[in-house]
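Have a look at target.cif below; it lists mmCIF, C-alpha atoms.
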data_input
loop_
_atom_site.group_PDB
_atom_site.id
_atom_site.type_symbol
_atom_site.label_atom_id
_atom_site.label_comp_id
_atom_site.auth_asym_id
_atom_site.auth_seq_id
_atom_site.Cartn_x
_atom_site.Cartn_y
_atom_site.Cartn_z
ATOM 1 C CA MET A 185 152.882 64.578 -63.501
ATOM 2 C CA PRO A 186 155.175 67.411 -62.303
ATOM 3 C CA ALA A 187 153.792 69.679 -59.635
ATOM 4 C CA GLN A 188 152.631 72.954 -61.063
ATOM 5 C CA PRO A 189 151.892 76.219 -59.330
ATOM 6 C CA ALA A 190 148.159 76.716 -58.967
ATOM 7 C CA ALA A 191 146.770 78.752 -61.876
ATOM 8 C CA PRO A 192 144.469 81.628 -60.991
ATOM 9 C CA VAL A 193 140.921 80.347 -61.032
ATOM 10 C CA PRO A 194 138.834 82.362 -63.534
ATOM 11 C CA THR A 195 136.012 84.032 -61.695
ATOM 12 C CA ALA A 196 132.550 84.641 -63.044
ATOM 13 C CA ASP A 197 133.512 88.312 -63.336
ATOM 14 C CA THR A 198 136.448 87.534 -65.632
ATOM 15 C CA HIS A 199 134.310 85.443 -67.977
ATOM 16 C CA GLU A 200 131.623 88.082 -68.009
ATOM 17 C CA GLN A 201 134.106 90.821 -68.780
ATOM 18 C CA ALA A 202 135.658 88.887 -71.649
ATOM 19 C CA ALA A 203 132.252 88.040 -73.062
ATOM 20 C CA THR A 204 131.180 91.667 -72.936
ATOM 21 C CA GLU A 205 134.353 92.926 -74.563
ATOM 22 C CA HIS A 206 134.462 90.363 -77.358
ATOM 23 C CA PRO A 207 131.060 88.746 -77.575
ATOM 24 C CA TRP A 208 131.346 88.145 -81.322
ATOM 25 C CA THR A 209 134.042 87.422 -83.890
ATOM 26 C CA THR A 210 134.499 87.571 -87.649
ATOM 27 C CA VAL A 211 135.949 84.348 -89.024
ATOM 28 C CA VAL A 212 137.399 84.014 -92.519
ATOM 29 C CA TRP A 213 137.235 80.497 -93.954
ATOM 30 C CA ASN A 214 139.573 78.896 -96.459
ATOM 31 C CA ASP A 215 138.534 78.771 -100.067
ATOM 32 C CA PRO A 216 140.918 77.178 -102.591
ATOM 33 C CA VAL A 217 139.989 79.803 -105.167
ATOM 34 C CA ASN A 218 140.929 82.942 -103.232
ATOM 35 C CA LEU A 219 144.455 84.054 -104.071
ATOM 36 C CA MET A 220 146.756 84.342 -101.066
ATOM 37 C CA SER A 221 148.005 87.717 -102.277
ATOM 38 C CA TYR A 222 144.436 89.005 -102.520
ATOM 39 C CA VAL A 223 143.461 87.764 -99.064
ATOM 40 C CA THR A 224 146.546 89.482 -97.644
ATOM 41 C CA TRP A 225 145.614 92.685 -99.452
ATOM 42 C CA VAL A 226 142.078 92.573 -98.009
ATOM 43 C CA PHE A 227 143.391 92.117 -94.460
ATOM 44 C CA ARG A 228 145.862 94.965 -94.877
ATOM 45 C CA SER A 229 143.605 97.434 -96.633
ATOM 46 C CA TYR A 230 140.283 96.832 -94.858
ATOM 47 C CA PHE A 231 141.486 96.124 -91.339
ATOM 48 C CA GLY A 232 144.677 98.156 -91.637
ATOM 49 C CA TYR A 233 146.712 95.248 -90.283
ATOM 50 C CA PRO A 234 150.472 95.501 -90.743
ATOM 51 C CA ARG A 235 151.982 93.179 -93.316
ATOM 52 C CA ASP A 236 153.230 90.550 -90.856
ATOM 53 C CA LYS A 237 149.878 90.205 -89.128
ATOM 54 C CA ALA A 238 147.954 90.153 -92.414
ATOM 55 C CA GLU A 239 150.213 87.452 -93.864
ATOM 56 C CA SER A 240 150.065 85.443 -90.659
ATOM 57 C CA LEU A 241 146.244 85.509 -90.669
ATOM 58 C CA MET A 242 146.180 84.606 -94.368
ATOM 59 C CA LEU A 243 148.468 81.633 -93.759
ATOM 60 C CA GLN A 244 146.308 80.553 -90.841
ATOM 61 C CA VAL A 245 143.268 80.560 -93.127
ATOM 62 C CA HIS A 246 145.216 78.627 -95.741
ATOM 63 C CA HIS A 247 146.724 75.986 -93.442
ATOM 64 C CA GLU A 248 144.183 75.686 -90.634
ATOM 65 C CA GLY A 249 141.044 76.326 -92.647
ATOM 66 C CA ARG A 250 139.948 79.422 -90.713
ATOM 67 C CA ALA A 251 141.178 82.475 -88.850
ATOM 68 C CA THR A 252 139.516 84.986 -86.548
ATOM 69 C CA VAL A 253 140.137 88.366 -88.113
ATOM 70 C CA SER A 254 138.202 90.677 -85.823
ATOM 71 C CA ARG A 255 136.365 90.745 -82.513
ATOM 72 C CA GLY A 256 133.713 93.004 -81.049
ATOM 73 C CA GLY A 257 130.011 93.717 -80.964
ATOM 74 C CA LEU A 258 127.504 91.983 -83.247
ATOM 75 C CA GLU A 259 126.902 94.985 -85.466
ATOM 76 C CA GLN A 260 130.590 95.594 -86.093
ATOM 77 C CA MET A 261 131.145 91.910 -86.925
ATOM 78 C CA GLU A 262 128.226 92.007 -89.382
ATOM 79 C CA THR A 263 129.829 95.053 -91.003
ATOM 80 C CA ASP A 264 133.201 93.308 -91.238
ATOM 81 C CA THR A 265 131.585 90.137 -92.626
ATOM 82 C CA ARG A 266 129.648 92.157 -95.181
ATOM 83 C CA ALA A 267 132.936 93.786 -96.259
ATOM 84 C CA MET A 268 134.641 90.386 -96.605
ATOM 85 C CA HIS A 269 131.751 89.134 -98.761
ATOM 86 C CA GLY A 270 132.040 92.234 -100.910
ATOM 87 C CA PHE A 271 135.655 91.316 -101.574
ATOM 88 C CA GLY A 272 134.688 87.721 -102.382
ATOM 89 C CA LEU A 273 136.046 86.140 -99.222
ATOM 90 C CA TRP A 274 134.045 83.571 -97.285
ATOM 91 C CA ALA A 275 133.486 84.939 -93.787
ATOM 92 C CA THR A 276 130.974 84.495 -90.994
ATOM 93 C CA VAL A 277 129.951 86.077 -87.712
ATOM 94 C CA GLU A 278 130.508 83.617 -84.892
ATOM 95 C CA PRO A 279 129.978 83.847 -81.147
ATOM 96 C CA GLY A 280 133.172 84.686 -79.303
ATOM 97 C CA GLY A 281 134.914 82.282 -76.970
ATOM 98 C CA GLN A 282 135.183 79.527 -79.570
ATOM 99 C CA GLU A 283 138.742 80.226 -80.698
ATOM 100 C CA MET B 173 157.087 83.733 -114.914
ATOM 101 C CA THR B 174 154.520 86.492 -115.341
ATOM 102 C CA PRO B 175 153.018 86.601 -118.830
ATOM 103 C CA SER B 176 153.515 89.796 -120.829
ATOM 104 C CA TRP B 177 149.785 90.472 -120.886
ATOM 105 C CA ALA B 178 149.441 90.620 -117.071
ATOM 106 C CA PHE B 179 148.863 93.952 -115.308
ATOM 107 C CA THR B 180 151.833 96.296 -115.069
ATOM 108 C CA ARG B 181 152.081 99.881 -113.951
ATOM 109 C CA SER B 182 152.215 102.462 -116.724
ATOM 110 C CA GLY B 183 152.289 106.041 -115.480
ATOM 111 C CA ASP B 184 149.334 106.419 -113.155
ATOM 112 C CA ARG B 185 147.411 103.440 -114.522
ATOM 113 C CA TYR B 186 147.496 99.659 -114.258
ATOM 114 C CA VAL B 187 147.607 98.269 -117.780
ATOM 115 C CA ALA B 188 147.003 94.772 -119.175
ATOM 116 C CA ASP B 189 147.810 93.969 -122.777
ATOM 117 C CA LEU B 190 144.784 91.813 -123.533
ATOM 118 C CA GLY B 191 143.686 91.134 -127.085
ATOM 119 C CA VAL B 192 140.177 91.362 -128.458
ATOM 120 C CA VAL B 193 139.423 87.673 -127.857
ATOM 121 C CA GLU B 194 140.524 87.709 -124.213
ATOM 122 C CA ARG B 195 138.566 90.895 -123.576
ATOM 123 C CA ALA B 196 135.453 89.418 -125.178
ATOM 124 C CA VAL B 197 135.752 86.213 -123.134
ATOM 125 C CA LEU B 198 136.145 88.147 -119.879
ATOM 126 C CA ALA B 199 133.278 90.494 -120.742
ATOM 127 C CA ASP B 200 131.105 87.477 -121.452
ATOM 128 C CA PHE B 201 131.879 85.937 -118.073
ATOM 129 C CA ALA B 202 131.280 89.278 -116.357
ATOM 130 C CA ASP B 203 127.861 89.395 -118.044
ATOM 131 C CA GLN B 204 127.056 85.869 -116.881
ATOM 132 C CA VAL B 205 127.871 86.695 -113.281
ATOM 133 C CA VAL B 206 125.839 89.933 -113.457
ATOM 134 C CA GLU B 207 122.917 87.847 -114.666
ATOM 135 C CA LEU B 208 123.372 85.362 -111.802
ATOM 136 C CA LEU B 209 123.221 88.295 -109.388
ATOM 137 C CA GLY B 210 119.933 89.450 -110.874
ATOM 138 C CA GLY B 211 121.281 92.345 -112.911
ATOM 139 C CA VAL B 212 120.942 93.103 -116.603
ATOM 140 C CA PRO B 213 123.952 91.840 -118.555
ATOM 141 C CA GLY B 214 125.746 93.709 -121.311
ATOM 142 C CA ALA B 215 125.782 97.113 -119.678
ATOM 143 C CA ASP B 216 128.936 98.748 -118.419
ATOM 144 C CA ASP B 217 128.684 101.468 -115.831
ATOM 145 C CA GLY B 218 129.461 104.260 -118.289
ATOM 146 C CA ALA B 219 126.686 103.672 -120.793
ATOM 147 C CA ALA B 220 123.016 104.499 -120.544
ATOM 148 C CA GLU B 221 121.512 101.213 -119.487
ATOM 149 C CA PRO B 222 118.046 99.728 -119.624
ATOM 150 C CA PRO B 223 116.089 99.689 -116.374
ATOM 151 C CA ASP B 224 117.779 97.358 -113.966
ATOM 152 C CA LEU B 225 115.709 94.925 -111.970
ATOM 153 C CA LEU B 226 117.756 95.933 -108.956
ATOM 154 C CA ASP B 227 116.697 99.567 -109.342
ATOM 155 C CA GLU B 228 113.095 98.554 -108.934
ATOM 156 C CA VAL B 229 113.718 96.326 -105.976
ATOM 157 C CA GLU B 230 113.421 98.413 -102.877
ATOM 158 C CA LEU B 231 115.439 97.156 -99.970
ATOM 159 C CA ASP B 232 113.052 94.314 -99.282
ATOM 160 C CA LEU B 233 113.322 93.720 -95.591
ATOM 161 C CA GLY B 234 111.324 90.513 -95.628
ATOM 162 C CA PRO B 235 112.877 87.091 -95.122
ATOM 163 C CA VAL B 236 115.373 86.180 -97.839
ATOM 164 C CA GLU B 237 115.979 82.577 -98.859
ATOM 165 C CA THR B 238 119.440 81.063 -99.092
ATOM 166 C CA PRO B 239 120.360 81.015 -102.803
ATOM 167 C CA GLU B 240 119.732 77.625 -104.409
ATOM 168 C CA ASP B 241 122.397 77.957 -107.074
ATOM 169 C CA PRO B 242 125.668 77.027 -105.336
ATOM 170 C CA ALA B 243 127.584 79.580 -107.425
ATOM 171 C CA VAL B 244 125.242 82.374 -106.306
ATOM 172 C CA HIS B 245 125.419 81.038 -102.756
ATOM 173 C CA ARG B 246 129.192 81.361 -102.894
ATOM 174 C CA LEU B 247 128.870 84.989 -104.022
ATOM 175 C CA LEU B 248 126.315 85.642 -101.285
ATOM 176 C CA PRO B 249 127.479 83.422 -98.430
ATOM 177 C CA ASP B 250 125.735 82.732 -95.147
ATOM 178 C CA GLY B 251 126.484 85.310 -92.469
ATOM 179 C CA SER B 252 127.007 82.787 -89.700
ATOM 180 C CA ARG B 253 127.593 79.061 -89.397
ATOM 181 C CA ALA B 254 126.951 78.634 -85.680
ATOM 182 C CA ASP B 255 123.994 81.000 -85.310
ATOM 183 C CA ALA B 256 121.021 80.550 -87.649
ATOM 184 C CA ASP B 257 119.263 83.673 -86.359
ATOM 185 C CA VAL B 258 122.296 85.842 -87.053
ATOM 186 C CA ALA B 259 122.571 84.266 -90.523
ATOM 187 C CA ALA B 260 118.929 84.992 -91.342
ATOM 188 C CA GLU B 261 119.143 88.568 -90.082
ATOM 189 C CA TYR B 262 122.412 89.102 -91.932
ATOM 190 C CA ARG B 263 120.959 87.921 -95.247
ATOM 191 C CA ARG B 264 117.824 89.988 -94.768
ATOM 192 C CA LEU B 265 119.812 93.166 -94.152
ATOM 193 C CA THR B 266 122.715 92.783 -96.571
ATOM 194 C CA GLU B 267 121.891 90.576 -99.563
ATOM 195 C CA GLY B 268 120.251 93.254 -101.694
ATOM 196 C CA ASP B 269 123.098 95.684 -101.072
ATOM 197 C CA LEU B 270 125.705 93.003 -101.744
ATOM 198 C CA ARG B 271 124.102 92.157 -105.096
ATOM 199 C CA VAL B 272 124.218 95.822 -106.061
ATOM 200 C CA THR B 273 127.861 96.207 -104.994
ATOM 201 C CA LYS B 274 128.993 93.113 -106.881
ATOM 202 C CA THR B 275 127.047 94.049 -109.996
ATOM 203 C CA GLY B 276 128.650 97.497 -109.875
ATOM 204 C CA ASN B 277 132.111 95.929 -109.635
ATOM 205 C CA LEU B 278 131.413 93.693 -112.644
ATOM 206 C CA ARG B 279 130.155 96.692 -114.608
ATOM 207 C CA ARG B 280 133.365 98.534 -113.773
ATOM 208 C CA LEU B 281 135.302 95.528 -115.105
ATOM 209 C CA ARG B 282 133.133 95.595 -118.224
ATOM 210 C CA SER B 283 134.022 99.268 -118.719
ATOM 211 C CA VAL B 284 137.769 98.740 -118.570
ATOM 212 C CA LEU B 285 137.491 95.748 -120.910
ATOM 213 C CA ALA B 286 135.902 97.932 -123.569
ATOM 214 C CA ALA B 287 139.232 99.514 -124.568
ATOM 215 C CA GLU B 288 142.622 98.199 -125.658
ATOM 216 C CA PRO B 289 144.907 98.101 -123.827
ATOM 217 C CA VAL B 290 142.903 97.469 -120.677
ATOM 218 C CA GLU B 291 143.563 100.337 -118.260
ATOM 219 C CA VAL B 292 142.540 100.482 -114.620
ATOM 220 C CA ARG B 293 142.798 103.595 -112.498
ATOM 221 C CA PRO B 294 144.186 102.900 -109.003
ATOM 222 C CA GLN B 295 140.910 104.032 -107.422
ATOM 223 C CA ASP B 296 139.039 101.388 -109.448
ATOM 224 C CA ALA B 297 141.509 98.591 -108.785
ATOM 225 C CA ALA B 298 139.683 97.175 -105.746
ATOM 226 C CA ALA B 299 136.395 96.969 -107.651
ATOM 227 C CA VAL B 300 138.050 95.295 -110.635
ATOM 228 C CA ALA B 301 139.904 92.852 -108.360
ATOM 229 C CA ALA B 302 136.663 91.959 -106.593
ATOM 230 C CA ALA B 303 134.916 91.414 -109.938
ATOM 231 C CA LEU B 304 137.720 89.151 -111.186
ATOM 232 C CA THR B 305 137.513 87.257 -107.887
ATOM 233 C CA ASP B 306 133.761 86.742 -108.247
ATOM 234 C CA ILE B 307 134.221 85.424 -111.793
ATOM 235 C CA ARG B 308 136.804 82.939 -110.511
ATOM 236 C CA LEU B 309 134.460 81.858 -107.720
ATOM 237 C CA VAL B 310 131.583 81.185 -110.106
ATOM 238 C CA VAL B 311 133.712 79.310 -112.651
ATOM 239 C CA ALA B 312 135.349 77.272 -109.875
ATOM 240 C CA GLU B 313 131.944 76.320 -108.494
ATOM 241 C CA ARG B 314 130.810 75.209 -111.942
ATOM 242 C CA LEU B 315 133.978 73.119 -112.177
ATOM 243 C CA GLY B 316 133.184 71.608 -108.784
ATOM 244 C CA ILE B 317 136.340 72.970 -107.159
ATOM 245 C CA ARG B 318 135.744 72.933 -103.430
ATOM 246 C CA THR B 319 139.021 71.704 -101.971
ATOM 247 C CA GLU B 320 142.729 72.200 -102.595
ATOM 248 C CA GLU B 321 142.773 68.677 -104.075
ATOM 249 C CA ASP B 322 140.118 69.664 -106.636
ATOM 250 C CA SER B 323 142.208 72.696 -107.538
ATOM 251 C CA ASP B 324 145.349 70.577 -107.952
ATOM 252 C CA ALA B 325 143.477 68.084 -110.142
ATOM 253 C CA LEU B 326 142.340 70.850 -112.479
ATOM 254 C CA GLU B 327 145.884 72.165 -112.729
ATOM 255 C CA ALA B 328 147.099 68.673 -113.658
ATOM 256 C CA LEU B 329 144.401 68.446 -116.330
ATOM 257 C CA LEU B 330 145.493 71.760 -117.839
ATOM 258 C CA LEU B 331 149.165 70.771 -117.793
ATOM 259 C CA ALA B 332 148.351 67.465 -119.500
ATOM 260 C CA ASP B 333 146.402 69.253 -122.214
ATOM 261 C CA ASP B 334 149.041 70.651 -124.513
ATOM 262 C CA GLY B 335 146.521 71.666 -127.164
ATOM 263 C CA THR B 336 147.771 69.255 -129.788
ATOM 264 C CA ARG B 337 144.841 66.884 -129.692
ATOM 265 C CA GLU B 338 143.290 66.822 -133.128
ATOM 266 C CA ALA B 339 139.693 67.931 -133.481
ATOM 267 C CA ASP B 340 138.552 64.391 -134.258
ATOM 268 C CA PRO B 341 134.787 63.890 -133.938
ATOM 269 C CA ASP B 342 135.309 60.185 -133.215
ATOM 270 C CA HIS B 343 137.349 61.005 -130.142
ATOM 271 C CA ALA B 344 135.549 64.150 -129.031
ATOM 272 C CA ASP B 345 135.270 64.609 -125.300
ATOM 273 C CA PRO B 346 133.044 67.631 -124.822
ATOM 274 C CA ASP B 347 133.114 67.386 -121.058
ATOM 275 C CA ARG B 348 136.890 67.384 -120.946
ATOM 276 C CA ASP B 349 137.042 70.218 -123.474
ATOM 277 C CA ALA B 350 134.610 72.261 -121.405
ATOM 278 C CA ARG B 351 136.654 71.667 -118.282
ATOM 279 C CA VAL B 352 139.858 72.639 -120.082
ATOM 280 C CA TYR B 353 138.211 75.811 -121.390
ATOM 281 C CA LEU B 354 136.823 76.841 -118.006
ATOM 282 C CA GLY B 355 140.078 75.879 -116.345
ATOM 283 C CA THR B 356 142.035 78.013 -118.790
ATOM 284 C CA VAL B 357 139.750 80.951 -118.067
ATOM 285 C CA THR B 358 140.258 80.411 -114.338
ATOM 286 C CA THR B 359 144.014 80.478 -114.846
ATOM 287 C CA MET B 360 143.887 83.598 -117.014
ATOM 288 C CA VAL B 361 141.722 85.471 -114.545
ATOM 289 C CA GLY B 362 144.026 84.299 -111.766
ATOM 290 C CA VAL B 363 147.091 85.717 -113.513
ATOM 291 C CA LEU B 364 145.318 89.038 -114.089
ATOM 292 C CA LEU B 365 144.126 89.173 -110.507
ATOM 293 C CA ASP B 366 147.498 88.261 -109.030
ATOM 294 C CA SER B 367 149.326 90.890 -111.092
ATOM 295 C CA LEU B 368 146.729 93.556 -110.248
ATOM 296 C CA VAL B 369 146.854 92.708 -106.542
ATOM 297 C CA GLY B 370 150.653 92.939 -106.626
ATOM 298 C CA LEU B 371 150.329 96.513 -107.838
ATOM 299 C CA MET B 372 147.624 97.258 -105.260
ATOM 300 C CA LEU B 373 149.868 95.930 -102.477
ATOM 301 C CA ASP B 374 152.645 98.251 -103.662
ATOM 302 C CA GLU B 375 150.300 101.178 -103.084
ATOM 303 C CA LEU B 376 149.647 100.353 -99.430
ATOM 304 C CA PRO B 377 151.468 102.419 -96.828
#
Structure rendered as structure tokens:
Amino acid sequence: MPAQPAAPVPTADTHEQAATEHPWTTVVWNDPVNLMSYVTWVFRSYFGYPRDKAESLMLQVHHEGRATVSRGGLEQMETDTRAMHGFGLWATVEPGGQE
Amino acid sequence: MTPSWAFTRSGDRYVADLGVVERAVLADFADQVVELLGGVPGADDGAAEPPDLLDEVELDLGPVETPEDPAVHRLLPDGSRADADVAAEYRRLTEGDLRVTKTGNLRRLRSVLAAEPVEVRPQDAAAVAAALTDIRLVVAERLGIRTEEDSDALEALLLADDGTREADPDHADPDRDARVYLGTVTTMVGVLLDSLVGLMLDELP
């Protein structure tokens, strides 16, 4: 195994900071019925994502089965999930740090 | 190739050239989904409607059960997979509101289906697209479509059915006929949705 420079060891502070900043996520799950064009439209119009990012997330949902579409506090993720459900997408609020 | 009856832009409207039969079929499915959501079917959002169950239901902030009907469950999904507490809280806070929103969308679809040709104002396009999506979700659930493979199998069935089978009672296959019918509806709604979404995407900055 080639020698590698030592990676910075994450401290408790770093983990804590990340957890505070993005404690929760909104995950969109693949559904064979949702049209790819519609999913892209939802990501662009609701989240305001530029076309490339929206299409990339849509393709991730399609090929990998899921994609994390937003991160933040619990209440904001519930709001985003509620919006996704309103559009007919399958989404859930999941604890952060699982991506 | 996009069928001639799909949505196209005409002036400041999105227009679909659907005939009376297609409009009646779509309106019927919209009614069925409204009923699944607990609303009163047959009412569009323009007409004076009978009292709606949902009007009488105050935001009931008691525990709400996961829907038993898998089609309803798909319309009102769980709020979390990893966290049961978050899922319960989510359903308690949002399910009533979500039912109302979706019923409203389906009533908007019902309204635009009432006239020929079908015309959708840009500001109503999102609601109509969501309603068409919910119809597809319910029909797909009834057809048992849960994976891409299921979806491919249905497509193969529809391609194999060229409509020339004779109506012979001795060789009737009601299950297959039902699947072909529902599958055809799924395809039609998909074409309408895809064409509408194309126009909606054009409107984005």
Legend entry - Explicit residue set for the PyMOL selection byres ((chain B) within 9 of (chain A)), as an NGL selection string: :B and (246-255 or 258-259 or 262 or 266 or 270-271 or 273-274 or 298-299 or 301-303 or 305-306 or 308-309 or 312 or 317-323 or 362 or 365-366 or 369-370 or 372-373 or 376)
Legend entry - Nearest to Gly281 in chain A by atom-to-atom distance, counting all atoms listed in the file, from A:Ala238, A:Gly256, A:Phe227, A:His247: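 Among A:Ala238, A:Gly256, A:Phe227, A:His247, it is A:Gly256 that comes nearest to Gly281 in chain A.
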Inset, instruction - Have a look at CA of Ala243 in chain B and CA of Arg314 in chain B and let me know their distance in Å, one decimal. - result: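 Answer for the CA of Ala243 in chain B to CA of Arg314 in chain B separation: 7.1 Å.
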Inset, instruction - Select, from B:Ala350, B:Val310, B:Leu209, B:Ala188, the residue with the minimum atom-to-atom distance to Leu329 in chain B, counting all atoms listed in the file. - result: B:Ala350
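What separates CA of Arg282 in chain B from CA of Gly214 in chain B is a distance of 8.2 Å.
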Legend entry - CA of Val205 in chain B to CA of Thr356 in chain B, distance in Å rounded to a single decimal: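 Pair CA of Val205 in chain B / CA of Thr356 in chain B returns 17.5 Å.
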Near range 198-200 of chain B, within 9 Å and counting only C-alpha atoms, which residues show up once chain neighbours fewer than 5 positions away are dropped, as an mmCIF file with C-alpha atoms, in the coordinates of the input?
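And here is the file that came out, selection-v5.cif:
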data_model
loop_
_atom_site.group_PDB
_atom_site.id
_atom_site.type_symbol
_atom_site.label_atom_id
_atom_site.label_comp_id
_atom_site.auth_asym_id
_atom_site.auth_seq_id
_atom_site.Cartn_x
_atom_site.Cartn_y
_atom_site.Cartn_z
ATOM 1 C CA VAL B 193 139.423 87.673 -127.857
ATOM 2 C CA VAL B 205 127.871 86.695 -113.281
ATOM 3 C CA PRO B 213 123.952 91.840 -118.555
ATOM 4 C CA GLY B 214 125.746 93.709 -121.311
ATOM 5 C CA LEU B 278 131.413 93.693 -112.644
ATOM 6 C CA LEU B 281 135.302 95.528 -115.105
ATOM 7 C CA ARG B 282 133.133 95.595 -118.224
ATOM 8 C CA LEU B 285 137.491 95.748 -120.910
ATOM 9 C CA ALA B 286 135.902 97.932 -123.569
ATOM 10 C CA LEU B 304 137.720 89.151 -111.186
ATOM 11 C CA ILE B 307 134.221 85.424 -111.793
ATOM 12 C CA VAL B 357 139.750 80.951 -118.067
ATOM 13 C CA VAL B 361 141.722 85.471 -114.545
#
Inset, instruction - Go through the shown structure with the PyMOL selection byres ((chain B and resi 182) around 12) and write out the matching residues as a list of chain:residue names. - result: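 For this structure, the PyMOL selection byres ((chain B and resi 182) around 12) captures B:Phe179, B:Thr180, B:Arg181, B:Gly183, B:Asp184, B:Arg185, B:Tyr186, B:Val187, B:Ala188, B:Asp189, B:Pro289, B:Val290, B:Glu291, B:Val292, B:Arg293, B:Pro294, B:Leu371.
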Legend entry - Pick from B:Asn277, B:Pro377, B:Val363, B:Arg348, whichever lies nearest to Ser176 in chain B using all atoms listed in the file: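 With all atoms listed in the file as the atom set, the closest residue is B:Val363.
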